Every structure is written in structure tokens, then in C-alpha cells.
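Raw data_2.txt, compact mmCIF, C-alpha atoms and all ligand atoms:
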```
# COMPACT_ATOMS: atom_id res chain seq x y z
CA MET J 13 114.44 100.63 134.83
CA GLU J 14 115.85 101.10 131.38
CA THR J 15 113.55 102.41 128.67
CA ILE J 16 113.15 99.89 125.86
CA VAL J 17 110.95 101.69 123.44
CA GLU J 18 110.02 105.32 123.06
CA ALA J 19 107.86 107.38 120.73
CA ARG J 20 108.45 111.11 120.25
CA GLU J 21 105.78 113.14 118.48
CA LEU J 22 105.03 110.28 116.12
CA ARG J 23 102.84 111.20 113.20
CA ARG J 24 101.68 108.98 110.37
CA THR J 25 99.62 110.27 107.49
CA TYR J 26 98.25 107.87 104.89
CA ARG J 27 97.55 109.29 101.45
CA LEU J 28 95.02 107.49 99.28
CA ASP J 29 94.47 109.38 96.00
CA LYS J 30 93.79 112.89 97.25
CA VAL J 31 92.47 111.89 100.64
CA GLU J 32 94.73 112.17 103.67
CA VAL J 33 94.16 110.21 106.84
CA GLU J 34 96.07 111.26 109.92
CA ALA J 35 96.37 107.89 111.62
CA LEU J 36 98.79 109.17 114.28
CA ARG J 37 98.74 112.79 115.40
CA GLY J 38 101.67 113.19 117.79
CA VAL J 39 102.13 110.12 119.95
CA ASN J 40 104.54 110.28 122.89
CA LEU J 41 105.27 107.34 125.10
CA ALA J 42 108.03 105.44 126.86
CA VAL J 43 107.95 101.80 127.89
CA ALA J 44 110.41 100.53 130.49
CA GLU J 45 111.95 97.09 130.69
CA GLY J 46 109.58 94.61 132.33
CA GLU J 47 106.37 96.56 131.70
CA PHE J 48 103.18 95.02 130.31
CA VAL J 49 101.43 97.86 128.50
CA ALA J 50 97.94 97.39 127.09
CA ILE J 51 96.53 99.80 124.51
CA VAL J 52 92.79 100.15 124.08
CA GLY J 53 90.74 102.42 121.84
CA ALA J 54 88.02 102.47 119.19
CA SER J 55 88.54 100.96 115.77
CA GLY J 56 90.42 103.40 113.54
CA SER J 57 92.10 105.25 116.43
CA GLY J 58 95.60 104.35 115.21
CA LYS J 59 96.52 101.40 117.46
CA SER J 60 97.78 99.10 114.70
CA THR J 61 99.64 101.96 113.00
CA LEU J 62 101.48 102.70 116.24
CA LEU J 63 102.38 99.04 116.82
CA HIS J 64 103.59 98.62 113.22
CA ILE J 65 105.92 101.61 113.56
CA LEU J 66 107.29 100.39 116.90
CA GLY J 67 107.69 96.92 115.36
CA LEU J 68 109.67 98.37 112.44
CA MET J 69 107.09 97.30 109.87
CA ASP J 70 106.23 100.89 108.97
CA THR J 71 107.90 104.29 109.26
CA PRO J 72 106.39 107.49 110.62
CA THR J 73 105.70 110.58 108.47
CA SER J 74 107.46 112.59 111.18
CA GLY J 75 108.66 112.16 114.73
CA GLU J 76 110.92 109.42 115.94
CA ALA J 77 110.70 105.94 117.41
CA LEU J 78 113.61 104.87 119.59
CA PHE J 79 114.64 101.36 120.53
CA ARG J 80 116.91 101.28 123.59
CA GLY J 81 117.75 104.92 122.95
CA ARG J 82 118.56 104.56 119.25
CA GLY J 83 116.44 106.25 116.61
CA VAL J 84 115.08 103.61 114.25
CA THR J 85 113.71 105.66 111.36
CA ARG J 86 117.10 106.60 109.99
CA MET J 87 118.69 103.18 110.39
CA SER J 88 119.69 101.27 107.26
CA ASP J 89 117.37 98.51 106.05
CA GLY J 90 119.93 95.94 107.15
CA GLU J 91 120.06 97.31 110.69
CA ARG J 92 116.28 97.47 110.90
CA THR J 93 115.93 93.88 109.72
CA LYS J 94 118.46 92.67 112.27
CA LEU J 95 116.75 94.54 115.08
CA ARG J 96 113.33 93.23 114.06
CA LEU J 97 114.59 89.67 113.84
CA ARG J 98 116.49 89.52 117.13
CA ASP J 99 115.00 92.05 119.49
CA ILE J 100 111.31 92.34 118.63
CA GLY J 101 108.70 89.59 118.54
CA PHE J 102 105.40 90.37 116.83
CA VAL J 103 102.10 88.51 117.34
CA PHE J 104 99.23 89.14 114.91
CA GLN J 105 95.48 88.85 115.35
CA THR J 106 95.31 86.38 112.44
CA PHE J 107 98.36 84.37 113.61
CA ASN J 108 100.17 84.66 110.21
CA LEU J 109 101.70 81.18 110.37
CA LEU J 110 103.22 79.68 107.24
CA PRO J 111 100.53 77.20 106.12
CA THR J 112 102.85 74.58 104.65
CA LEU J 113 105.10 74.33 107.73
CA THR J 114 104.29 72.40 110.91
CA ALA J 115 104.11 74.05 114.32
CA PHE J 116 107.75 73.03 114.80
CA GLY J 117 108.72 74.39 111.36
CA ASN J 118 107.06 77.75 112.00
CA VAL J 119 109.20 78.30 115.10
CA GLU J 120 112.33 76.76 113.63
CA ILE J 121 112.34 79.10 110.63
CA ALA J 122 112.52 82.15 112.91
CA LEU J 123 115.62 80.67 114.52
CA ARG J 124 117.09 79.81 111.14
CA LEU J 125 116.65 83.38 109.89
CA ALA J 126 118.63 84.57 112.91
CA GLY J 127 121.49 82.19 112.05
CA VAL J 128 120.99 79.63 114.83
CA SER J 129 122.64 76.24 114.16
CA ARG J 130 120.51 73.24 113.23
CA SER J 131 120.99 71.29 116.46
CA VAL J 132 120.25 74.28 118.67
CA ARG J 133 117.19 75.14 116.53
CA LYS J 134 115.74 71.70 117.09
CA GLU J 135 116.08 71.86 120.86
CA LYS J 136 114.97 75.46 121.14
CA ALA J 137 111.88 75.15 118.92
CA LYS J 138 110.70 72.13 120.89
CA GLU J 139 111.36 73.82 124.20
CA LEU J 140 109.45 76.96 123.15
CA LEU J 141 106.44 75.01 121.91
CA GLU J 142 106.38 73.05 125.17
CA LYS J 143 106.59 76.27 127.14
CA VAL J 144 103.51 77.75 125.45
CA GLY J 145 101.57 74.51 125.87
CA VAL J 146 101.63 72.93 122.40
CA GLY J 147 104.49 70.48 122.87
CA HIS J 148 102.07 67.71 121.84
CA ARG J 149 101.38 69.37 118.48
CA LEU J 150 104.88 69.67 117.01
CA ASN J 151 104.07 67.98 113.70
CA HIS J 152 100.66 69.51 113.10
CA LEU J 153 100.11 71.96 110.28
CA PRO J 154 98.37 75.24 111.14
CA ARG J 155 95.10 74.03 109.57
CA GLU J 156 95.19 71.02 111.90
CA LEU J 157 95.31 73.26 114.98
CA SER J 158 92.60 75.17 116.85
CA GLY J 159 92.72 78.99 116.89
CA GLY J 160 94.11 79.00 120.41
CA GLU J 161 96.80 76.50 119.47
CA ARG J 162 97.76 78.52 116.39
CA GLN J 163 98.18 81.60 118.52
CA ARG J 164 100.37 79.65 120.96
CA VAL J 165 102.59 78.62 118.05
CA ALA J 166 102.73 82.25 116.88
CA ILE J 167 103.75 83.31 120.38
CA ALA J 168 106.47 80.63 120.45
CA ARG J 169 107.72 81.98 117.11
CA ALA J 170 107.70 85.55 118.46
CA LEU J 171 109.78 84.38 121.45
CA ALA J 172 112.22 82.35 119.34
CA ASN J 173 115.17 84.75 119.48
CA SER J 174 114.58 85.92 123.07
CA PRO J 175 113.34 89.36 122.01
CA LYS J 176 113.69 92.35 124.31
CA LEU J 177 110.13 93.37 123.42
CA VAL J 178 107.02 91.45 122.40
CA LEU J 179 104.37 93.41 120.49
CA ALA J 180 100.92 91.94 119.87
CA ASP J 181 98.02 93.40 117.87
CA GLU J 182 94.72 92.08 119.25
CA PRO J 183 96.15 88.58 119.85
CA THR J 184 92.82 87.27 121.17
CA GLY J 185 90.66 89.05 118.58
CA ASN J 186 90.02 85.87 116.57
CA LEU J 187 89.60 83.52 119.54
CA ASP J 188 86.59 82.41 121.58
CA SER J 189 86.54 83.60 125.17
CA ALA J 190 88.02 80.42 126.69
CA ALA J 191 90.95 80.39 124.27
CA GLY J 192 91.33 84.15 124.73
CA MET J 193 91.53 83.72 128.48
CA ALA J 194 94.26 81.08 128.12
CA ILE J 195 96.30 83.35 125.84
CA ALA J 196 95.87 86.21 128.31
CA GLY J 197 97.21 83.88 131.01
CA LEU J 198 100.21 83.07 128.84
CA PHE J 199 101.11 86.75 128.36
CA HIS J 200 100.73 87.23 132.10
CA LEU J 201 103.16 84.38 132.73
CA LEU J 202 105.67 85.77 130.23
CA ASN J 203 105.54 89.16 131.90
CA LYS J 204 106.13 87.53 135.32
CA GLU J 205 109.29 86.10 133.77
CA LYS J 206 110.31 89.74 133.04
CA GLN J 207 109.37 89.78 129.35
CA THR J 208 108.43 93.31 128.25
CA ILE J 209 105.07 93.28 126.45
CA MET J 210 103.06 95.89 124.61
CA LEU J 211 99.75 94.86 123.13
CA VAL J 212 96.51 96.14 121.68
CA THR J 213 93.47 94.43 123.14
CA HIS J 214 89.78 94.58 123.91
CA ASN J 215 90.12 91.65 126.30
CA ARG J 216 89.39 92.47 129.95
CA GLU J 217 91.59 89.67 131.32
CA MET J 218 94.45 91.19 129.43
CA THR J 219 93.92 94.79 130.59
CA GLN J 220 93.56 93.53 134.17
CA GLN J 221 96.92 91.81 133.95
CA ALA J 222 98.70 94.72 132.29
CA THR J 223 100.84 96.93 134.48
CA ARG J 224 99.54 99.97 132.56
CA THR J 225 96.71 100.61 130.11
CA LEU J 226 96.82 103.46 127.58
CA ILE J 227 93.80 104.77 125.71
CA MET J 228 94.07 105.91 122.10
CA ARG J 229 91.62 108.29 120.49
CA ASP J 230 91.89 109.87 117.05
CA GLY J 231 95.57 109.16 116.63
CA GLN J 232 96.67 110.23 120.08
CA ILE J 233 97.15 108.69 123.49
CA THR J 234 94.55 110.51 125.50
CA ASP J 235 94.62 108.81 128.84
CA ALA J 236 96.03 106.09 131.04
CA LEU J 237 93.99 103.76 133.26
P1 LIG J 301 93.12 100.70 114.71
O1 LIG J 301 94.15 99.64 114.72
O2 LIG J 301 93.03 101.48 115.97
O3 LIG J 301 91.77 100.19 114.30
P2 LIG J 301 94.59 101.71 112.40
O4 LIG J 301 95.93 102.10 112.89
O5 LIG J 301 94.48 100.43 111.67
O6 LIG J 301 93.54 101.79 113.60
O7 LIG J 301 94.05 102.86 111.41
C1 LIG J 301 94.04 104.22 111.76
C2 LIG J 301 93.46 105.03 110.61
O8 LIG J 301 94.32 104.94 109.49
C3 LIG J 301 92.11 104.52 110.11
O9 LIG J 301 91.33 105.64 109.76
C4 LIG J 301 92.45 103.68 108.92
O10 LIG J 301 91.39 103.65 108.00
C5 LIG J 301 93.66 104.40 108.36
N1 LIG J 301 94.58 103.47 107.67
C6 LIG J 301 95.21 102.41 108.25
N2 LIG J 301 96.03 101.79 107.36
C7 LIG J 301 95.90 102.47 106.19
C8 LIG J 301 96.49 102.34 104.89
N3 LIG J 301 97.37 101.38 104.63
N4 LIG J 301 96.12 103.24 103.92
C9 LIG J 301 95.23 104.21 104.21
N5 LIG J 301 94.67 104.40 105.40
C10 LIG J 301 94.97 103.54 106.39
MG MG J 302 93.98 97.57 114.46
```
Please render this file's structure as C-alpha cells.
Ligand code: ADP
Ligand code: MG
Amino acid sequence: METIVEARELRRTYRLDKVEVEALRGVNLAVAEGEFVAIVGASGSGKSTLLHILGLMDTPTSGEALFRGRGVTRMSDGERTKLRLRDIGFVFQTFNLLPTLTAFGNVEIALRLAGVSRSVRKEKAKELLEKVGVGHRLNHLPRELSGGERQRVAIARALANSPKLVLADEPTGNLDSAAGMAIAGLFHLLNKEKQTIMLVTHNREMTQQATRTLIMRDGQITDAL
């Protein structure tokens, strides 16, 4: 299987005043097409930092991240934006929906940013929201949705442009256990449909469904379950 995303000796040091924090201390990994990789580890071990670099929202201090064999750190801003928009879907713990747009609008805007025509956007946004189980909530604003429903909308948005890779940072972290279980089931379903997924989680359902679980400790991947 083709490798989608790769990390080579990734390091990320944060500097706050005179204090340095080594959030990543040499991370190496390769994720193949179709994998469902779960990352676990204590708070502060560097999980979010790693996901943000792989999702092109941050750049490493040294080392390289590769997307389908291409180094991403030296790409132009334009290339990075295009890649992030079309090939990578990101799901956040706190959903990050636009509060003034409906469920439909939150998915539609992702399609619009990628240049999809109005008529196709309408069909596609509806289809995606139906797929993730909130087809009956198209015209609801985020504040009119439950946490689980918000996360479903966020997942529909992440899937909008048929990304090669879906990244998720503790997607069930703000949900009760029933809603968390349903979201875990949804990721499982997506992976069965061959979607490549890499996520950070503390949810047991999710690690059980993953094809591989990596453990992070002090900025490094220390083990695989
Ligand atoms: P995790 O997601 O595993 O909890 P993070 O990747 O968020 O860990 O953080 C790893 C380390 O980097 C922590 O010690 C954290 O305090 C530090 N850190 C994260 N983001 C920043 C930042 N923007 N500025 C300074 N330090 C940060
Ligand atoms: Mg985190």
C-alpha cells in the first residue's frame, strides 16, 4: 500500500520568553493508505503538536513531514493551502464550527473554498450530512445542535473535498460516552470505506477499532499496541 503521510525525525521546540519546551523530540512514522492509526499518550506528550504539523497547521523546528512522498515544510504557502484544503480533513475536539452558519452552511463553505460550483455544493453538502447521520438537521445552527451532532457536522465538513487523509484531535473528548461511542462507530465505518484516518484519542472504542495504536511519551513515539 502506498504511504500517505510520513514523519522523519520531526522536532518541534516552542520558545516562550527564555523557556524552551521540546514538544517533539524526533518522531518517525509512516502511515499507509487505508490505515486507521490511533495515538494515545499523557497530556503534554506532543500528540496535538504532531497532528498540527501533519495537518499543515504548524511547521517543525527540524525534520520533515511528507505527504504522498513530497516534503511539505518547504512548499510555498499557496501549495500548502491547496493541499490542506483538498487532501486533508481535520476534526477538532471543540468542533470549531462557524457559529453563524447552519449545519449545511458549515459543510458548504468547505466546498466553496475548494472552488466547487453552487449546484454541486448543494447536493454534496446534503449528501455528506445525511451520510454522517444529521440529514434532519440541515438548517440548525451549531448552538441548536447537541455535542454529538456538532461533531458529525464537523466530520462532514472534514470529508467535504474527499480528502486522502482525515486527522482528528480527541474528537470525542468533549462528548458524553454514548455520543462518543457513536462517533467512534462513524470513524470505523469511514475506515471500512477505505478512508485513511489518524487520530488522537483516549476512547477505548476508538483504539479497539484502529488498525494500529501508537503511544507517545515526552515528544516521542515509544511503542505500538
Ligand atoms: P498533547 O496534545 O499530547 O497534550 P501538546 O502537543 O499540546 O501535547 O503539547 C506538548 C508540549 O508542548 C506541552 O508541554 C505543551 O505545554 C507545549 N506547548 C504546546 N503548544 C505550545 C505553544 N503554542 N507554546 C508553548 N508551548 C506549547
Ligand atoms: Mg492535545
**Q.** Contacts of ligand LIG 301 (chain J), 9 Å or closer, all atoms listed in the file, given as a ChimeraX atom specification
**A.** /J:24-28,31-36,52-64,181-182,212,228-231
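Atom pair atom CA of Lys143 of chain J / atom CA of Glu156 of chain J has a distance of 19.7 Å (rounded to one decimal).
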**Q.** Spatial neighbours of Ile195 of chain J, 12 Å, all atoms listed in the file, chain gap at least 6 places, as an NGL selection string
**A.** :J and (103 or 105 or 144-145 or 159-168 or 180 or 182-189 or 201-202 or 213 or 215 or 217-218 or 221)
Q: Excluding Val178 of chain J and residues on its chain fewer than 5 positions from it, collect all residues at most 12 Å away from it, counting all atoms listed in the file, and give them as an MDAnalysis selection string.
A: chainID J and resid 16:17 43 45:50 63 66:67 96:104 166:173 183 199 202:203 206:212
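Residue nearest ligand MG 302 (chain J) within the list J:Leu198, J:Met13, J:Thr106, J:Val119: J:Thr106 [criterion: smallest interatomic distance, all atoms listed in the file].
When only C-alpha atoms and all ligand atoms are used to measure the gap to ligand MG 302 (chain J), the shortest distance among J:Leu125, J:Leu109, J:Ile51, J:Leu140 belongs to J:Ile51.
Residue nearest ligand MG 302 (chain J) within the list J:His214, J:Thr234, J:Thr219, J:Val84: J:His214 [criterion: smallest interatomic distance, all atoms listed in the file].
In this comparison, which uses only C-alpha atoms, the residue of J:Glu139, J:Val39, J:Ser129, J:Leu150 approaching Leu226 of chain J most closely is J:Val39.
The interatomic distance for the pair atom CA of Arg20 of chain J and atom CA of Thr71 of chain J works out to 12.9 Å.
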Q | Distance query Arg86 of chain J at most 10 Å, only C-alpha atoms, self and fewer than 4 positions along chain excluded, as a VMD selection string | A | chain J and resid 71 76 to 77 82 91 to 92
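A straight line drawn from atom CA of Leu153 of chain J to atom CA of Ile121 of chain J is 14.2 Å long.
Compared by their closest atoms to Arg149 of chain J, and using only C-alpha atoms, the residues J:Thr15, J:Gln232, J:Ser74, J:Thr114 rank with J:Thr114 nearest.
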Q: Fewer than 2 positions away in the same chain doesn't count, so skip those; otherwise give me all residues within 6 Å of Glu18 of chain J, counting all atoms listed in the file, as an NGL selection string.
A: :J and (41-42 or 77-78)
